[in-house]
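Asker: Data file model.json (JSON, C-alpha atoms) is appended below.
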[["chain", "number", "residue", "atom", "x", "y", "z"],
["A", 11, "MET", "CA", 0.00, 0.00, 0.00],
["A", 12, "GLU", "CA", 1.49, 3.29, -1.04],
["A", 13, "GLY", "CA", 0.08, 6.58, -2.19],
["A", 14, "THR", "CA", -0.70, 10.21, -1.67],
["A", 15, "ALA", "CA", -3.59, 11.39, 0.44],
["A", 16, "LEU", "CA", -5.23, 14.78, 0.50],
["A", 17, "LEU", "CA", -5.28, 16.00, 4.06],
["A", 18, "GLY", "CA", -8.53, 17.05, 5.60],
["A", 19, "ARG", "CA", -11.18, 16.97, 8.29],
["A", 20, "LEU", "CA", -9.27, 17.47, 11.53],
["A", 21, "ASN", "CA", -9.48, 21.25, 11.56],
["A", 22, "TRP", "CA", -7.32, 23.79, 13.33],
["A", 23, "GLN", "CA", -9.26, 26.26, 15.40],
["A", 24, "LEU", "CA", -8.59, 29.20, 17.69],
["A", 25, "ALA", "CA", -9.03, 28.83, 21.43],
["A", 26, "ASP", "CA", -9.36, 31.76, 23.82],
["A", 27, "VAL", "CA", -6.84, 31.77, 26.64],
["A", 28, "LEU", "CA", -8.83, 32.48, 29.81],
["A", 29, "ASP", "CA", -6.06, 32.03, 32.33],
["A", 30, "VAL", "CA", -2.50, 30.82, 32.77],
["A", 31, "THR", "CA", -1.88, 29.45, 36.27],
["A", 32, "PRO", "CA", 1.41, 28.23, 37.75],
["A", 33, "GLU", "CA", 1.62, 24.64, 38.98],
["A", 34, "THR", "CA", 5.34, 24.56, 39.82],
["A", 35, "ASP", "CA", 8.34, 26.74, 38.92],
["A", 36, "ARG", "CA", 8.53, 25.21, 35.46],
["A", 37, "VAL", "CA", 4.96, 24.12, 34.81],
["A", 38, "LYS", "CA", 1.82, 26.09, 34.01],
["A", 39, "THR", "CA", -1.77, 25.22, 33.27],
["A", 40, "LEU", "CA", -3.47, 26.95, 30.35],
["A", 41, "VAL", "CA", -7.22, 27.35, 30.82],
["A", 42, "LEU", "CA", -8.86, 27.57, 27.41],
["A", 43, "ASP", "CA", -12.27, 28.22, 26.00],
["A", 44, "VAL", "CA", -12.64, 26.38, 22.71],
["A", 45, "PRO", "CA", -15.77, 27.41, 20.79],
["A", 46, "GLY", "CA", -17.70, 24.33, 19.69],
["A", 47, "TRP", "CA", -15.43, 21.94, 21.59],
["A", 48, "PRO", "CA", -16.89, 18.47, 20.93],
["A", 49, "GLY", "CA", -15.80, 17.09, 24.32],
["A", 50, "HIS", "CA", -12.99, 14.66, 25.01],
["A", 51, "ARG", "CA", -12.09, 11.44, 26.81],
["A", 52, "ALA", "CA", -9.62, 11.23, 29.70],
["A", 53, "GLY", "CA", -6.13, 10.62, 28.28],
["A", 54, "GLN", "CA", -6.65, 12.27, 24.89],
["A", 55, "HIS", "CA", -4.52, 15.17, 23.70],
["A", 56, "VAL", "CA", -4.59, 18.15, 21.37],
["A", 57, "ASP", "CA", -2.11, 19.34, 18.79],
["A", 58, "VAL", "CA", -0.99, 22.94, 19.33],
["A", 59, "ARG", "CA", 0.42, 24.99, 16.46],
["A", 60, "LEU", "CA", 2.42, 28.19, 16.66],
["A", 61, "THR", "CA", 3.01, 30.33, 13.58],
["A", 62, "ALA", "CA", 5.87, 32.81, 13.43],
["A", 63, "GLU", "CA", 5.63, 36.10, 11.55],
["A", 64, "ASP", "CA", 7.64, 34.61, 8.68],
["A", 65, "GLY", "CA", 5.16, 31.76, 8.36],
["A", 66, "TYR", "CA", 7.31, 29.12, 10.08],
["A", 67, "GLN", "CA", 5.12, 26.73, 12.01],
["A", 68, "ALA", "CA", 5.84, 24.39, 14.90],
["A", 69, "GLU", "CA", 3.43, 21.76, 16.19],
["A", 70, "ARG", "CA", 3.41, 19.83, 19.45],
["A", 71, "SER", "CA", 1.00, 17.47, 21.16],
["A", 72, "TYR", "CA", -0.16, 18.24, 24.69],
["A", 73, "SER", "CA", -2.21, 15.99, 26.90],
["A", 74, "ILE", "CA", -5.50, 17.34, 28.13],
["A", 75, "ALA", "CA", -5.43, 17.76, 31.90],
["A", 76, "SER", "CA", -9.07, 18.53, 32.59],
["A", 77, "ALA", "CA", -11.76, 15.92, 33.08],
["A", 78, "PRO", "CA", -14.26, 15.53, 30.25],
["A", 79, "ASN", "CA", -17.01, 17.19, 32.29],
["A", 80, "GLY", "CA", -15.00, 20.38, 32.78],
["A", 81, "LYS", "CA", -16.37, 23.66, 31.50],
["A", 82, "HIS", "CA", -13.02, 24.64, 30.03],
["A", 83, "LEU", "CA", -10.19, 22.79, 28.39],
["A", 84, "GLU", "CA", -7.00, 22.72, 30.44],
["A", 85, "LEU", "CA", -3.51, 21.89, 29.21],
["A", 86, "THR", "CA", -0.60, 21.62, 31.64],
["A", 87, "VAL", "CA", 2.71, 22.46, 30.02],
["A", 88, "GLU", "CA", 6.27, 22.06, 31.27],
["A", 89, "CYS", "CA", 8.72, 24.70, 30.09],
["A", 90, "LEU", "CA", 11.71, 23.08, 28.40],
["A", 91, "ASP", "CA", 14.76, 25.32, 28.20],
["A", 92, "ASP", "CA", 15.57, 24.32, 24.62],
["A", 93, "GLY", "CA", 11.93, 23.86, 23.62],
["A", 94, "GLU", "CA", 10.53, 25.45, 20.51],
["A", 95, "VAL", "CA", 6.94, 25.69, 21.69],
["A", 96, "SER", "CA", 6.73, 25.23, 25.46],
["A", 97, "PRO", "CA", 8.59, 28.44, 26.51],
["A", 98, "TYR", "CA", 6.09, 30.46, 24.49],
["A", 99, "LEU", "CA", 3.15, 28.69, 26.12],
["A", 100, "THR", "CA", 4.45, 29.08, 29.66],
["A", 101, "ASP", "CA", 6.10, 32.52, 29.48],
["A", 102, "GLU", "CA", 4.59, 34.53, 26.63],
["A", 103, "LEU", "CA", 0.98, 33.45, 26.55],
["A", 104, "HIS", "CA", -1.50, 35.42, 28.66],
["A", 105, "ALA", "CA", -5.21, 35.61, 29.35],
["A", 106, "GLY", "CA", -6.93, 37.22, 26.38],
["A", 107, "ASP", "CA", -4.58, 35.70, 23.81],
["A", 108, "LYS", "CA", -5.59, 33.16, 21.19],
["A", 109, "LEU", "CA", -4.04, 29.73, 20.72],
["A", 110, "GLU", "CA", -4.36, 27.55, 17.63],
["A", 111, "LEU", "CA", -5.14, 23.90, 18.29],
["A", 112, "ARG", "CA", -6.92, 20.85, 16.92],
["A", 113, "GLY", "CA", -8.43, 17.87, 18.60],
["A", 114, "PRO", "CA", -9.17, 16.00, 20.66],
["A", 115, "VAL", "CA", -7.04, 13.26, 19.13],
["A", 116, "GLY", "CA", -6.03, 9.76, 20.18],
["A", 117, "GLY", "CA", -8.15, 6.95, 21.55],
["A", 118, "TYR", "CA", -5.45, 4.56, 22.67],
["A", 119, "PHE", "CA", -4.24, 6.06, 25.95],
["A", 120, "VAL", "CA", -7.75, 6.54, 27.29],
["A", 121, "TRP", "CA", -9.51, 5.46, 30.47],
["A", 122, "GLU", "CA", -13.23, 5.71, 31.04],
["A", 123, "PRO", "CA", -15.35, 4.23, 33.86],
["A", 124, "PRO", "CA", -16.56, 1.29, 31.69],
["A", 125, "VAL", "CA", -12.91, 0.19, 31.30],
["A", 126, "GLY", "CA", -13.01, -0.56, 35.02],
["A", 127, "GLY", "CA", -10.09, -1.53, 37.21],
["A", 128, "PRO", "CA", -7.87, -2.07, 38.90],
["A", 129, "VAL", "CA", -5.82, 0.70, 37.31],
["A", 130, "LEU", "CA", -2.14, 1.42, 37.80],
["A", 131, "LEU", "CA", -0.96, 4.87, 36.69],
["A", 132, "VAL", "CA", 2.77, 5.48, 36.51],
["A", 133, "GLY", "CA", 4.09, 8.94, 35.67],
["A", 134, "GLY", "CA", 7.34, 10.83, 35.49],
["A", 135, "GLY", "CA", 7.29, 14.62, 35.89],
["A", 136, "SER", "CA", 4.75, 16.21, 33.58],
["A", 137, "GLY", "CA", 3.82, 12.68, 32.46],
["A", 138, "VAL", "CA", 1.26, 13.00, 35.23],
["A", 139, "VAL", "CA", -0.91, 15.23, 33.04],
["A", 140, "PRO", "CA", -2.98, 12.62, 31.15],
["A", 141, "LEU", "CA", -3.01, 10.49, 34.32],
["A", 142, "MET", "CA", -4.52, 13.46, 36.17],
["A", 143, "ALA", "CA", -7.27, 13.68, 33.55],
["A", 144, "ILE", "CA", -7.98, 10.00, 34.33],
["A", 145, "ILE", "CA", -7.95, 10.63, 38.10],
["A", 146, "ARG", "CA", -10.23, 13.65, 37.67],
["A", 147, "GLU", "CA", -12.58, 11.58, 35.51],
["A", 148, "ARG", "CA", -12.69, 8.91, 38.22],
["A", 149, "ALA", "CA", -13.58, 11.58, 40.80],
["A", 150, "ALA", "CA", -16.10, 13.33, 38.55],
["A", 151, "THR", "CA", -17.99, 10.10, 37.92],
["A", 152, "ASP", "CA", -17.89, 8.99, 41.58],
["A", 153, "SER", "CA", -16.12, 5.82, 40.48],
["A", 154, "ASP", "CA", -14.78, 3.58, 43.25],
["A", 155, "VAL", "CA", -12.37, 1.73, 40.95],
["A", 156, "ASP", "CA", -9.09, 0.67, 42.60],
["A", 157, "MET", "CA", -6.69, 3.21, 41.10],
["A", 158, "ARG", "CA", -3.08, 3.68, 42.14],
["A", 159, "LEU", "CA", -0.78, 6.47, 41.05],
["A", 160, "LEU", "CA", 2.98, 6.14, 41.30],
["A", 161, "LEU", "CA", 4.55, 9.48, 40.43],
["A", 162, "SER", "CA", 8.24, 10.20, 40.06],
["A", 163, "SER", "CA", 9.30, 13.83, 40.50],
["A", 164, "ARG", "CA", 12.67, 15.48, 41.03],
["A", 165, "THR", "CA", 11.79, 17.23, 44.27],
["A", 166, "TRP", "CA", 8.68, 17.78, 46.43],
["A", 167, "ASP", "CA", 8.28, 21.25, 44.91],
["A", 168, "ASP", "CA", 8.31, 19.74, 41.42],
["A", 169, "VAL", "CA", 5.27, 17.56, 42.12],
["A", 170, "ILE", "CA", 2.56, 18.78, 39.76],
["A", 171, "TYR", "CA", -1.03, 18.86, 41.18],
["A", 172, "ARG", "CA", 0.40, 17.99, 44.60],
["A", 173, "GLU", "CA", -2.39, 19.51, 46.68],
["A", 174, "GLU", "CA", -5.20, 18.27, 44.47],
["A", 175, "LEU", "CA", -3.77, 14.74, 44.60],
["A", 176, "GLU", "CA", -3.68, 14.95, 48.39],
["A", 177, "ARG", "CA", -7.33, 16.02, 48.38],
["A", 178, "LEU", "CA", -8.50, 13.33, 45.98],
["A", 179, "LYS", "CA", -6.71, 10.34, 47.45],
["A", 180, "GLY", "CA", -8.59, 7.82, 49.57],
["A", 181, "GLY", "CA", -11.72, 5.86, 48.73],
["A", 182, "GLY", "CA", -9.84, 3.50, 46.44],
["A", 183, "LEU", "CA", -7.31, 6.00, 45.07],
["A", 184, "THR", "CA", -3.75, 5.74, 46.38],
["A", 185, "VAL", "CA", -1.02, 8.24, 45.55],
["A", 186, "THR", "CA", 2.63, 7.26, 45.99],
["A", 187, "HIS", "CA", 5.48, 9.67, 45.33],
["A", 188, "THR", "CA", 9.12, 9.02, 44.65],
["A", 189, "LEU", "CA", 11.57, 11.93, 44.67],
["A", 190, "THR", "CA", 14.67, 11.34, 42.60],
["A", 191, "ARG", "CA", 16.82, 14.41, 43.17],
["A", 192, "ALA", "CA", 16.16, 15.83, 46.63],
["A", 193, "HIS", "CA", 13.62, 15.30, 49.35],
["A", 194, "PRO", "CA", 12.39, 17.23, 52.37],
["A", 195, "GLU", "CA", 13.90, 16.54, 55.77],
["A", 196, "GLY", "CA", 12.22, 13.58, 57.40],
["A", 197, "TRP", "CA", 10.94, 12.25, 54.05],
["A", 198, "SER", "CA", 9.95, 8.63, 54.55],
["A", 199, "GLY", "CA", 8.75, 7.91, 51.02],
["A", 200, "TYR", "CA", 10.65, 6.56, 48.05],
["A", 201, "ALA", "CA", 13.74, 8.49, 47.00],
["A", 202, "ARG", "CA", 14.95, 6.70, 43.89],
["A", 203, "ARG", "CA", 13.99, 6.05, 40.30],
["A", 204, "ILE", "CA", 11.05, 3.74, 39.75],
["A", 205, "ASP", "CA", 12.09, 0.08, 39.69],
["A", 206, "GLY", "CA", 10.48, -3.34, 39.78],
["A", 207, "GLU", "CA", 10.56, -3.56, 43.57],
["A", 208, "MET", "CA", 8.71, -0.28, 43.89],
["A", 209, "LEU", "CA", 6.14, -1.29, 41.26],
["A", 210, "ALA", "CA", 5.55, -4.58, 43.09],
["A", 211, "GLU", "CA", 5.03, -2.75, 46.39],
["A", 212, "VAL", "CA", 2.60, -0.22, 44.94],
["A", 213, "GLY", "CA", 0.70, -2.97, 43.07],
["A", 214, "PRO", "CA", -1.74, -4.21, 41.94],
["A", 215, "GLY", "CA", 0.13, -7.35, 40.98],
["A", 216, "PRO", "CA", -0.09, -9.05, 37.61],
["A", 217, "GLY", "CA", -2.58, -11.58, 39.05],
["A", 218, "ASP", "CA", -5.12, -8.75, 39.38],
["A", 219, "ARG", "CA", -4.63, -7.91, 35.68],
["A", 220, "PRO", "CA", -4.59, -4.13, 36.13],
["A", 221, "HIS", "CA", -4.94, -1.71, 33.27],
["A", 222, "VAL", "CA", -1.59, 0.08, 33.29],
["A", 223, "TYR", "CA", -0.94, 3.57, 31.90],
["A", 224, "VAL", "CA", 2.66, 4.83, 31.85],
["A", 225, "CYS", "CA", 3.53, 8.38, 30.75],
["A", 226, "GLY", "CA", 6.76, 10.31, 30.97],
["A", 227, "PRO", "CA", 10.14, 10.83, 29.35],
["A", 228, "THR", "CA", 11.04, 7.93, 27.04],
["A", 229, "PRO", "CA", 13.84, 6.52, 29.27],
["A", 230, "LEU", "CA", 11.47, 6.36, 32.28],
["A", 231, "VAL", "CA", 8.69, 4.76, 30.23],
["A", 232, "GLU", "CA", 11.13, 2.18, 28.83],
["A", 233, "ALA", "CA", 12.42, 1.28, 32.30],
["A", 234, "VAL", "CA", 8.92, 1.04, 33.80],
["A", 235, "ALA", "CA", 7.44, -1.00, 30.93],
["A", 236, "THR", "CA", 10.38, -3.42, 31.02],
["A", 237, "ALA", "CA", 10.09, -3.82, 34.80],
["A", 238, "LEU", "CA", 6.33, -4.39, 34.59],
["A", 239, "VAL", "CA", 6.74, -7.13, 31.99],
["A", 240, "ALA", "CA", 9.47, -8.73, 34.13],
["A", 241, "LEU", "CA", 7.02, -8.74, 37.05],
["A", 242, "GLY", "CA", 4.59, -10.70, 34.88],
["A", 243, "HIS", "CA", 2.21, -7.99, 33.67],
["A", 244, "GLU", "CA", 0.71, -8.64, 30.25],
["A", 245, "PRO", "CA", 2.31, -6.35, 27.66],
["A", 246, "SER", "CA", -1.07, -5.84, 26.00],
["A", 247, "ARG", "CA", -2.44, -4.26, 29.20],
["A", 248, "ILE", "CA", 0.41, -1.76, 29.48],
["A", 249, "LYS", "CA", -0.28, 1.45, 27.55],
["A", 250, "THR", "CA", 2.59, 3.85, 27.19],
["A", 251, "GLU", "CA", 2.93, 7.47, 26.22],
["A", 252, "ARG", "CA", 6.56, 8.42, 25.71],
["A", 253, "PHE", "CA", 7.36, 12.06, 25.25],
["A", 254, "GLY", "CA", 10.95, 11.97, 24.14],
["A", 255, "PRO", "CA", 14.26, 12.56, 25.95],
["A", 256, "THR", "CA", 12.90, 15.13, 28.41],
["A", 257, "GLY", "CA", 9.54, 16.16, 27.09],
["A", 258, "GLY", "CA", 7.50, 17.38, 24.15],
["B", 24, "MET", "CA", 16.93, 2.29, 23.69],
["B", 25, "ASP", "CA", 16.41, 5.41, 21.65],
["B", 26, "ALA", "CA", 15.44, 8.36, 23.85],
["B", 27, "LEU", "CA", 13.77, 10.05, 20.87],
["B", 28, "MET", "CA", 11.34, 7.20, 20.34],
["B", 29, "LEU", "CA", 7.66, 8.02, 20.77],
["B", 30, "ASP", "CA", 4.44, 6.00, 20.65],
["B", 31, "GLY", "CA", 1.82, 5.81, 17.95],
["B", 32, "ASN", "CA", -0.48, 7.95, 20.03],
["B", 33, "ALA", "CA", 2.02, 10.82, 19.67],
["B", 34, "VAL", "CA", 1.05, 11.04, 15.99],
["B", 35, "ALA", "CA", -2.69, 10.55, 16.53],
["B", 36, "GLY", "CA", -3.36, 13.93, 14.93],
["B", 37, "LEU", "CA", -1.31, 13.19, 11.82],
["B", 38, "LEU", "CA", -2.88, 9.74, 11.43],
["B", 39, "GLN", "CA", -6.33, 11.26, 11.77],
["B", 40, "GLU", "CA", -5.43, 13.85, 9.15],
["B", 41, "VAL", "CA", -4.36, 11.12, 6.70],
["B", 42, "PHE", "CA", -7.07, 8.54, 7.37],
["B", 43, "GLU", "CA", -9.84, 10.96, 8.37],
["B", 44, "THR", "CA", -10.67, 8.86, 11.41],
["B", 45, "GLU", "CA", -9.19, 7.95, 14.79],
["B", 46, "MET", "CA", -6.42, 5.44, 14.05],
["B", 47, "THR", "CA", -4.57, 4.82, 17.33],
["B", 48, "THR", "CA", -7.08, 2.11, 18.24],
["B", 49, "ALA", "CA", -6.95, 0.54, 14.76],
["B", 50, "THR", "CA", -5.09, -2.76, 14.61],
["B", 51, "GLY", "CA", -2.09, -3.18, 12.33],
["B", 52, "THR", "CA", -0.37, -6.43, 11.42],
["B", 53, "CYS", "CA", 3.36, -6.39, 10.75],
["B", 54, "ALA", "CA", 4.19, -7.72, 7.28],
["B", 55, "PHE", "CA", 7.52, -9.05, 8.56],
["B", 56, "CYS", "CA", 6.84, -10.84, 11.87],
["B", 57, "GLY", "CA", 3.05, -11.09, 11.73],
["B", 58, "SER", "CA", 2.40, -9.60, 15.15],
["B", 59, "SER", "CA", -0.64, -7.40, 15.57],
["B", 60, "MET", "CA", -0.88, -4.27, 17.67],
["B", 61, "GLN", "CA", -2.97, -1.14, 18.05],
["B", 62, "LEU", "CA", -1.34, 1.74, 16.19],
["B", 63, "GLY", "CA", -1.14, 3.65, 19.47],
["B", 64, "ALA", "CA", 1.39, 1.05, 20.60],
["B", 65, "VAL", "CA", 3.77, 1.19, 17.64],
["B", 66, "HIS", "CA", 7.15, 2.89, 17.94],
["B", 67, "VAL", "CA", 7.39, 6.27, 16.28],
["B", 68, "PHE", "CA", 10.47, 8.12, 15.08],
["B", 69, "ARG", "CA", 10.27, 11.65, 13.74],
["B", 70, "SER", "CA", 12.62, 13.43, 11.39],
["B", 71, "ALA", "CA", 11.69, 14.96, 8.04],
["B", 72, "GLY", "CA", 8.73, 12.63, 8.17],
["B", 73, "VAL", "CA", 7.31, 10.08, 10.55],
["B", 74, "VAL", "CA", 8.36, 6.43, 10.66],
["B", 75, "LEU", "CA", 6.22, 3.83, 12.40],
["B", 76, "ARG", "CA", 8.05, 0.68, 13.50],
["B", 77, "CYS", "CA", 6.81, -2.67, 14.78],
["B", 78, "PRO", "CA", 7.34, -2.82, 18.58],
["B", 79, "THR", "CA", 8.02, -6.56, 18.32],
["B", 80, "CYS", "CA", 10.58, -6.82, 15.50],
["B", 81, "GLY", "CA", 11.46, -3.23, 14.54],
["B", 82, "ASN", "CA", 10.28, -3.60, 10.95],
["B", 83, "VAL", "CA", 9.20, -0.32, 9.33],
["B", 84, "LEU", "CA", 5.41, -0.48, 9.20],
["B", 85, "ALA", "CA", 4.69, 2.89, 7.66],
["B", 86, "LYS", "CA", 6.27, 6.14, 6.55],
["B", 87, "ILE", "CA", 4.36, 9.38, 6.32],
["B", 88, "VAL", "CA", 5.78, 12.59, 4.92],
["B", 89, "LYS", "CA", 3.70, 15.75, 4.82],
["B", 90, "ARG", "CA", 4.10, 18.15, 1.92],
["B", 91, "GLU", "CA", 1.85, 21.18, 2.30],
["B", 92, "ALA", "CA", -1.73, 19.94, 1.76],
["B", 93, "GLU", "CA", -0.67, 16.40, 0.86],
["B", 94, "ALA", "CA", 0.82, 13.47, 2.66],
["B", 95, "CYS", "CA", 2.95, 10.77, 1.05],
["B", 96, "VAL", "CA", 2.03, 7.54, 2.75],
["B", 97, "ASP", "CA", 3.92, 4.24, 2.47],
["B", 98, "LEU", "CA", 2.21, 1.38, 4.28],
["B", 99, "THR", "CA", 4.12, -1.48, 2.67],
["B", 100, "GLY", "CA", 5.30, -2.77, 6.07],
["B", 101, "LEU", "CA", 1.73, -3.46, 7.14],
["B", 102, "ARG", "CA", 0.11, -6.71, 6.04],
["B", 103, "ALA", "CA", -3.25, -5.59, 7.35],
["B", 104, "LEU", "CA", -4.85, -2.55, 8.92],
["B", 105, "ALA", "CA", -8.29, -2.84, 10.47]]
Please lay out the structure from this file as structure tokens.
Answerer:
Amino acid sequence: MEGTALLGRLNWQLADVLDVTPETDRVKTLVLDVPGWPGHRAGQHVDVRLTAEDGYQAERSYSIASAPNGKHLELTVECLDDGEVSPYLTDELHAGDKLELRGPVGGYFVWEPPVGGPVLLVGGGSGVVPLMAIIRERAATDSDVDMRLLLSSRTWDDVIYREELERLKGGGLTVTHTLTRAHPEGWSGYARRIDGEMLAEVGPGPGDRPHVYVCGPTPLVEAVATALVALGHEPSRIKTERFGPTGG
Amino acid sequence: MDALMLDGNAVAGLLQEVFETEMTTATGTCAFCGSSMQLGAVHVFRSAGVVLRCPTCGNVLAKIVKREAEACVDLTGLRALA
């Protein structure tokens, strides 16, 4: 099969930026109003396109952070020092501006209540974003599915959505942090990169056949997926979203 | 391990542009090793275009290069796509 296709259908549109709120030093959430937004599913993303004055365009995919029932669309973006798109989104974009995007796209890395549980969510840094959409969807639908989040961050201050995660946990949702670079005095939690031992302790084990969602930098996702398979998890139940060396 | 590797869901938008429907949950069968996987699970490499590789054997499943309003699509590495 080989050929040329005319491109169509998935249309770019302008969103109104309602607010830009800081999550951590390097991460901000964009609150958007998208006229005619068709709604989305937890775990989907949008493509964002920036156009320079000379016509040069750069496109990136960003996971949707908000739950499907939210009034506005929220994207949480980490500023990458050498990024082409993210520094503009986190530092230059303000309420009242417009942002060009298309979506929602993707149906693979999606969780909805009918999928059921148990669910294991494993994230690294801003890889928590689509996992947060899933956690928010669970909360919004009053689901009592066994859902466990294991989140790797550099430091306690780098934990995105830290307070909201503290609020939401309980009632079948567990939140486990590991801090890889520095940790507060008296920290009794994990303080190393995610490994098989940690994954086994957080569970659920392969016998419970959890749906597993892993999102983060490619090296973290590779290490986690390999460790999960070594523990006996079925590869077909492990969904991954790699976002490159350090991010998208 | 290639740190630049992405997943099929990273190019969900491009695939939807080309096929005019959601493709990351479509099932592809590798023409080389015969394994089947959802397109969201394939390995993706980006340069001038996008290369989709089989996560089992590494065979090139598809190549997509955009050129203004067109896309050149080579699916010869896929035995089936459903």
Asker: Env of Val224 of chain A: 12 Å cut, atoms = all atoms listed in the file, seq-sep filter 3 positions within chain, self excluded. Answer as a ChimeraX atom specification.
Answerer: /A:53,119-120,129-141,158-162,204,209,221,227-238,245,247-253 /B:30,64
Asker: Using only C-alpha atoms, please write the residues we just selected to a file, as an mmCIF file, keeping the file's coordinate frame.
Answerer:
data_model
loop_
_atom_site.group_PDB
_atom_site.id
_atom_site.type_symbol
_atom_site.label_atom_id
_atom_site.label_comp_id
_atom_site.auth_asym_id
_atom_site.auth_seq_id
_atom_site.Cartn_x
_atom_site.Cartn_y
_atom_site.Cartn_z
ATOM 1 C CA GLY A 53 -6.130 10.620 28.280
ATOM 2 C CA PHE A 119 -4.240 6.060 25.950
ATOM 3 C CA VAL A 120 -7.750 6.540 27.290
ATOM 4 C CA VAL A 129 -5.820 0.700 37.310
ATOM 5 C CA LEU A 130 -2.140 1.420 37.800
ATOM 6 C CA LEU A 131 -0.960 4.870 36.690
ATOM 7 C CA VAL A 132 2.770 5.480 36.510
ATOM 8 C CA GLY A 133 4.090 8.940 35.670
ATOM 9 C CA GLY A 134 7.340 10.830 35.490
ATOM 10 C CA GLY A 135 7.290 14.620 35.890
ATOM 11 C CA SER A 136 4.750 16.210 33.580
ATOM 12 C CA GLY A 137 3.820 12.680 32.460
ATOM 13 C CA VAL A 138 1.260 13.000 35.230
ATOM 14 C CA VAL A 139 -0.910 15.230 33.040
ATOM 15 C CA PRO A 140 -2.980 12.620 31.150
ATOM 16 C CA LEU A 141 -3.010 10.490 34.320
ATOM 17 C CA ARG A 158 -3.080 3.680 42.140
ATOM 18 C CA LEU A 159 -0.780 6.470 41.050
ATOM 19 C CA LEU A 160 2.980 6.140 41.300
ATOM 20 C CA LEU A 161 4.550 9.480 40.430
ATOM 21 C CA SER A 162 8.240 10.200 40.060
ATOM 22 C CA ILE A 204 11.050 3.740 39.750
ATOM 23 C CA LEU A 209 6.140 -1.290 41.260
ATOM 24 C CA HIS A 221 -4.940 -1.710 33.270
ATOM 25 C CA PRO A 227 10.140 10.830 29.350
ATOM 26 C CA THR A 228 11.040 7.930 27.040
ATOM 27 C CA PRO A 229 13.840 6.520 29.270
ATOM 28 C CA LEU A 230 11.470 6.360 32.280
ATOM 29 C CA VAL A 231 8.690 4.760 30.230
ATOM 30 C CA GLU A 232 11.130 2.180 28.830
ATOM 31 C CA ALA A 233 12.420 1.280 32.300
ATOM 32 C CA VAL A 234 8.920 1.040 33.800
ATOM 33 C CA ALA A 235 7.440 -1.000 30.930
ATOM 34 C CA THR A 236 10.380 -3.420 31.020
ATOM 35 C CA ALA A 237 10.090 -3.820 34.800
ATOM 36 C CA LEU A 238 6.330 -4.390 34.590
ATOM 37 C CA PRO A 245 2.310 -6.350 27.660
ATOM 38 C CA ARG A 247 -2.440 -4.260 29.200
ATOM 39 C CA ILE A 248 0.410 -1.760 29.480
ATOM 40 C CA LYS A 249 -0.280 1.450 27.550
ATOM 41 C CA THR A 250 2.590 3.850 27.190
ATOM 42 C CA GLU A 251 2.930 7.470 26.220
ATOM 43 C CA ARG A 252 6.560 8.420 25.710
ATOM 44 C CA PHE A 253 7.360 12.060 25.250
ATOM 45 C CA ASP B 30 4.440 6.000 20.650
ATOM 46 C CA ALA B 64 1.390 1.050 20.600
#
Asker: Suppose you want the space between atom CA of Leu38 of chain B and atom CA of Gln54 of chain A; what is it in Å?
Answerer: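 Taking atom CA of Leu38 of chain B as the start and atom CA of Gln54 of chain A as the end point, the length is 14.2 Å.
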Asker: With 12 Å as the threshold, what does the neighbourhood of (1.1, 9.2, 18.2) contain in terms of residues, counting only C-alpha atoms? Coordinates are those of the file; answer as a compact mmCIF listing (two decimals) with C-alpha atoms, in the coordinates of the input.
Answerer:
# COMPACT_ATOMS: atom_id res chain seq x y z
CA GLN A 54 -6.65 12.27 24.89
CA HIS A 55 -4.52 15.17 23.70
CA VAL A 56 -4.59 18.15 21.37
CA ASP A 57 -2.11 19.34 18.79
CA ARG A 70 3.41 19.83 19.45
CA SER A 71 1.00 17.47 21.16
CA TYR A 72 -0.16 18.24 24.69
CA SER A 73 -2.21 15.99 26.90
CA VAL A 115 -7.04 13.26 19.13
CA GLY A 116 -6.03 9.76 20.18
CA GLY A 117 -8.15 6.95 21.55
CA TYR A 118 -5.45 4.56 22.67
CA PHE A 119 -4.24 6.06 25.95
CA THR A 250 2.59 3.85 27.19
CA GLU A 251 2.93 7.47 26.22
CA ARG A 252 6.56 8.42 25.71
CA PHE A 253 7.36 12.06 25.25
CA GLY A 254 10.95 11.97 24.14
CA GLY A 258 7.50 17.38 24.15
CA MET B 28 11.34 7.20 20.34
CA LEU B 29 7.66 8.02 20.77
CA ASP B 30 4.44 6.00 20.65
CA GLY B 31 1.82 5.81 17.95
CA ASN B 32 -0.48 7.95 20.03
CA ALA B 33 2.02 10.82 19.67
CA VAL B 34 1.05 11.04 15.99
CA ALA B 35 -2.69 10.55 16.53
CA GLY B 36 -3.36 13.93 14.93
CA LEU B 37 -1.31 13.19 11.82
CA LEU B 38 -2.88 9.74 11.43
CA GLN B 39 -6.33 11.26 11.77
CA GLU B 45 -9.19 7.95 14.79
CA MET B 46 -6.42 5.44 14.05
CA THR B 47 -4.57 4.82 17.33
CA THR B 48 -7.08 2.11 18.24
CA GLN B 61 -2.97 -1.14 18.05
CA LEU B 62 -1.34 1.74 16.19
CA GLY B 63 -1.14 3.65 19.47
CA ALA B 64 1.39 1.05 20.60
CA VAL B 65 3.77 1.19 17.64
CA HIS B 66 7.15 2.89 17.94
CA VAL B 67 7.39 6.27 16.28
CA PHE B 68 10.47 8.12 15.08
CA ARG B 69 10.27 11.65 13.74
CA VAL B 73 7.31 10.08 10.55
CA VAL B 74 8.36 6.43 10.66
CA LEU B 75 6.22 3.83 12.40
CA ARG B 76 8.05 0.68 13.50
Asker: Please identify all polymer residues within 8 Å of Leu183 of chain A, counting all atoms listed in the file, omitting same-chain residues fewer than 2 positions from it, and present them as a PyMOL selection string.
Answerer: chain A and resi 155-159+178-181+185
Asker: Counting only C-alpha atoms, which residue out of A:Asp218, A:Glu33, A:Glu211, A:Glu84 sits closest to Glu173 of chain A?
Answerer: A:Glu33
